[in-house]
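A short write-up of the structure that comes next.
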Amino acid sequence: MSRPVLHTARLTLRPLGDEHLDHLVELDSDPAVMRFITGRASTREEVLAFQPRRTNPDLDAEGLGYWCGFVEGEFVGWWLLVRPDRPEKGDPRDGVLGYRLLRRHWRQGYASEGSRELLRYAFEDLGLPRVTADTMAVNEGSRAVMESIGMRYWHTFHGEFDDPLPGTELGEVVYALTAADWRSGQAGGS
C-alpha cells in the first residue's frame, strides 16, 4: 500500500516527496512555526538532513507518512500519520497525527480540515484502532486543533531535553481518539 492523494473541500494532500523540499525549508525556516518544536528556525541543511525520515519507504508501505497540503496549488503545510515512536504516544498499532502550517495559513481552519481527513483515512482506509497527537502543554493553538477534531486529552508526560524550551517543565500533552468514538460521530466522523 502507498499513501494516496487525499482531498477535502479546500485541500489537496499529496504524499510528501523530495520535490517538496523548498516548501519544507520555507516552513521550517520561520521561527514562529518552530517555536514549540526547536525554538528556532531550521537551516536548509537541517531540513535536508531530516528529509529521509519524512520520505521513509517503510512508512509508505503501510500507507503512513507525510502529506503536503495545497490550496489551489499553493503550499499550506504538511500533515503526518505515523506510528508512535515511544509508549507515551500510544500503542504500536495506533497512529500519531501531526501537522505544521506556514504562518500565513494559521487560523483559517486548514489544520483541522486536513487532520479530519487523515482521521477518516486512518479509521476507514487503514483500520487503525486509535490515533493520538501530542504537543507541548503550552501550545494552546495546537491543543485547540486537537479538540476541534474530536480528540480528547489523554495524559501528560515529561521528556528529557538537553536544551529545554520555555514551557517544557509543564510537559507534553497527548490527545487521543478511538475508531469507535470517531464512528459514533463524536468527532464529526460520520
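Identifiers in this document derive from the order of the C-alpha cells: chains are assigned A, B, ..., residues are numbered from 1 separately in each chain, and ligands are numbered from 1 in order of occurrence.
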Run DSSP on the backbone and tell me which residues of chain A come out as strand (DSSP E); list them as a VMD selection string. chain A and resid 6 to 7 12 to 15 65 to 71 74 to 82 95 to 101 130 to 136 152 to 157 172 to 178
List as a PyMOL selection string the protein and nucleic acid residues near range 21-33 of chain A, meaning an atom at most 6 Å away when only C-alpha atoms are counted, but skip any in the same chain fewer than 6 places from it. chain A and resi 40-42+44+102
For the selection you just gave me, I'd like the residues written to a file as a PDB file, in the first residue's frame, keeping N, CA and C atoms.
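Heads up, here's the output in part_39.pdb:
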```pdb
ATOM      1  N   ARG A  40      13.633  27.619  17.350  1.00  0.00           N
ATOM      2  CA  ARG A  40      14.394  28.465  16.427  1.00  0.00           C
ATOM      3  C   ARG A  40      14.155  27.997  15.002  1.00  0.00           C
ATOM      4  N   ALA A  41      14.494  28.846  14.062  1.00  0.00           N
ATOM      5  CA  ALA A  41      14.386  28.486  12.649  1.00  0.00           C
ATOM      6  C   ALA A  41      15.371  27.367  12.319  1.00  0.00           C
ATOM      7  N   SER A  42      14.976  26.488  11.418  1.00  0.00           N
ATOM      8  CA  SER A  42      15.867  25.439  10.929  1.00  0.00           C
ATOM      9  C   SER A  42      16.597  25.931   9.687  1.00  0.00           C
ATOM     10  N   ARG A  44      18.474  25.145   5.956  1.00  0.00           N
ATOM     11  CA  ARG A  44      18.212  24.259   4.819  1.00  0.00           C
ATOM     12  C   ARG A  44      18.901  22.912   5.038  1.00  0.00           C
ATOM     13  N   LEU A 102       2.402  26.882   7.367  1.00  0.00           N
ATOM     14  CA  LEU A 102       3.001  28.210   7.207  1.00  0.00           C
ATOM     15  C   LEU A 102       2.186  29.207   8.015  1.00  0.00           C
TER      16      LEU A 102
END
```
Tell me, as a list in words, which residues lie within 10 Å of Ser142 in chain A, counting only C-alpha atoms; anything in the same chain fewer than 4 positions away does not count. Phe36, Gly98, Tyr99, Arg100, Ala111, Ser112, Ala133, Asp134, Thr135, Met136, Ala137, Val138, Met146, Glu147 and Ser148 of chain A
Can I get the selection written as a compact mmCIF listing (two decimals), in the first residue's frame, with N, CA, C and O atoms?
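Once everything was written out, this is part.txt:
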```txt
# COMPACT_ATOMS: atom_id res chain seq x y z
N PHE A 36 7.51 25.80 19.17
CA PHE A 36 7.26 24.72 20.11
C PHE A 36 7.95 23.42 19.69
O PHE A 36 7.69 22.37 20.28
N GLY A 98 -0.02 14.54 13.11
CA GLY A 98 0.70 15.79 13.31
C GLY A 98 0.47 16.72 12.14
O GLY A 98 -0.03 16.31 11.09
N TYR A 99 0.84 17.98 12.32
CA TYR A 99 0.65 18.99 11.27
C TYR A 99 1.57 20.16 11.55
O TYR A 99 1.96 20.41 12.70
N ARG A 100 1.93 20.85 10.50
CA ARG A 100 2.75 22.06 10.60
C ARG A 100 2.39 22.94 9.42
O ARG A 100 2.50 22.50 8.28
N ALA A 111 -5.57 23.39 9.44
CA ALA A 111 -5.01 22.34 10.29
C ALA A 111 -6.09 21.32 10.66
O ALA A 111 -5.89 20.11 10.56
N SER A 112 -7.26 21.83 11.05
CA SER A 112 -8.37 20.94 11.41
C SER A 112 -8.89 20.19 10.20
O SER A 112 -9.17 18.98 10.28
N ALA A 133 -2.24 12.41 19.19
CA ALA A 133 -1.49 13.60 18.76
C ALA A 133 -0.90 14.21 20.02
O ALA A 133 -1.49 14.13 21.10
N ASP A 134 0.27 14.83 19.89
CA ASP A 134 0.90 15.40 21.07
C ASP A 134 1.51 16.76 20.74
O ASP A 134 1.82 17.06 19.59
N THR A 135 1.67 17.55 21.78
CA THR A 135 2.29 18.86 21.68
C THR A 135 2.73 19.30 23.06
O THR A 135 2.35 18.67 24.07
N MET A 136 3.49 20.38 23.12
CA MET A 136 3.83 20.95 24.42
C MET A 136 2.54 21.44 25.09
O MET A 136 1.65 21.96 24.42
N ALA A 137 2.46 21.27 26.39
CA ALA A 137 1.27 21.70 27.13
C ALA A 137 0.96 23.17 26.90
O ALA A 137 -0.21 23.57 26.90
N VAL A 138 1.98 23.99 26.67
CA VAL A 138 1.78 25.43 26.48
C VAL A 138 1.35 25.82 25.07
O VAL A 138 1.04 26.98 24.81
N MET A 146 -6.60 19.96 18.11
CA MET A 146 -6.89 18.59 18.54
C MET A 146 -8.30 18.48 19.10
O MET A 146 -9.03 17.53 18.79
N GLU A 147 -8.68 19.43 19.91
CA GLU A 147 -10.02 19.40 20.49
C GLU A 147 -11.09 19.62 19.43
O GLU A 147 -12.15 18.99 19.45
N SER A 148 -10.81 20.48 18.45
CA SER A 148 -11.81 20.78 17.42
C SER A 148 -12.10 19.59 16.52
O SER A 148 -13.16 19.52 15.91
```
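Picture a line from CA of Leu80 in chain A to CA of Val131 in chain A; it runs 11.4 Å.
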From the set A:Gln108, A:Ser115, A:Thr132, A:Thr38, which residue has the shortest atom-to-atom contact distance to Phe161 in chain A, counting only C-alpha atoms?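 Closest to Phe161 in chain A of all the choices is A:Thr38.
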Per-residue nearest contacts of range 4-69 of chain A to range 92-96 of chain A (12 Å; only C-alpha atoms) as a tab-separated table:
```
residue	atom	partner	partner_atom	distance
A:Leu59	CA	A:Gly95	CA	11.3
A:Glu62	CA	A:Gly95	CA	11.0
A:Gly63	CA	A:Gly95	CA	11.0
A:Leu64	CA	A:Gly95	CA	8.6
A:Gly65	CA	A:Val96	CA	10.0
A:Tyr66	CA	A:Val96	CA	11.2
```
If you run DSSP over the backbone, which residues in range 46-154 of chain A end up helix (DSSP H, G or I)? Put them as a PyMOL selection string. chain A and resi 46-54+57-61+87-89+103-105+110-125+140-148
Between CA of Gly185 in chain A and CA of Leu16 in chain A, what is the distance in Å, rounded to a tenth?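 A separation of 29.6 Å between them.
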For Leu6 in chain A, which residue out of A:Glu19, A:Asp58, A:Glu46, A:Asp125 is the nearest one, using only C-alpha atoms?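 Of all the options, A:Asp125 lies closest to Leu6 in chain A.
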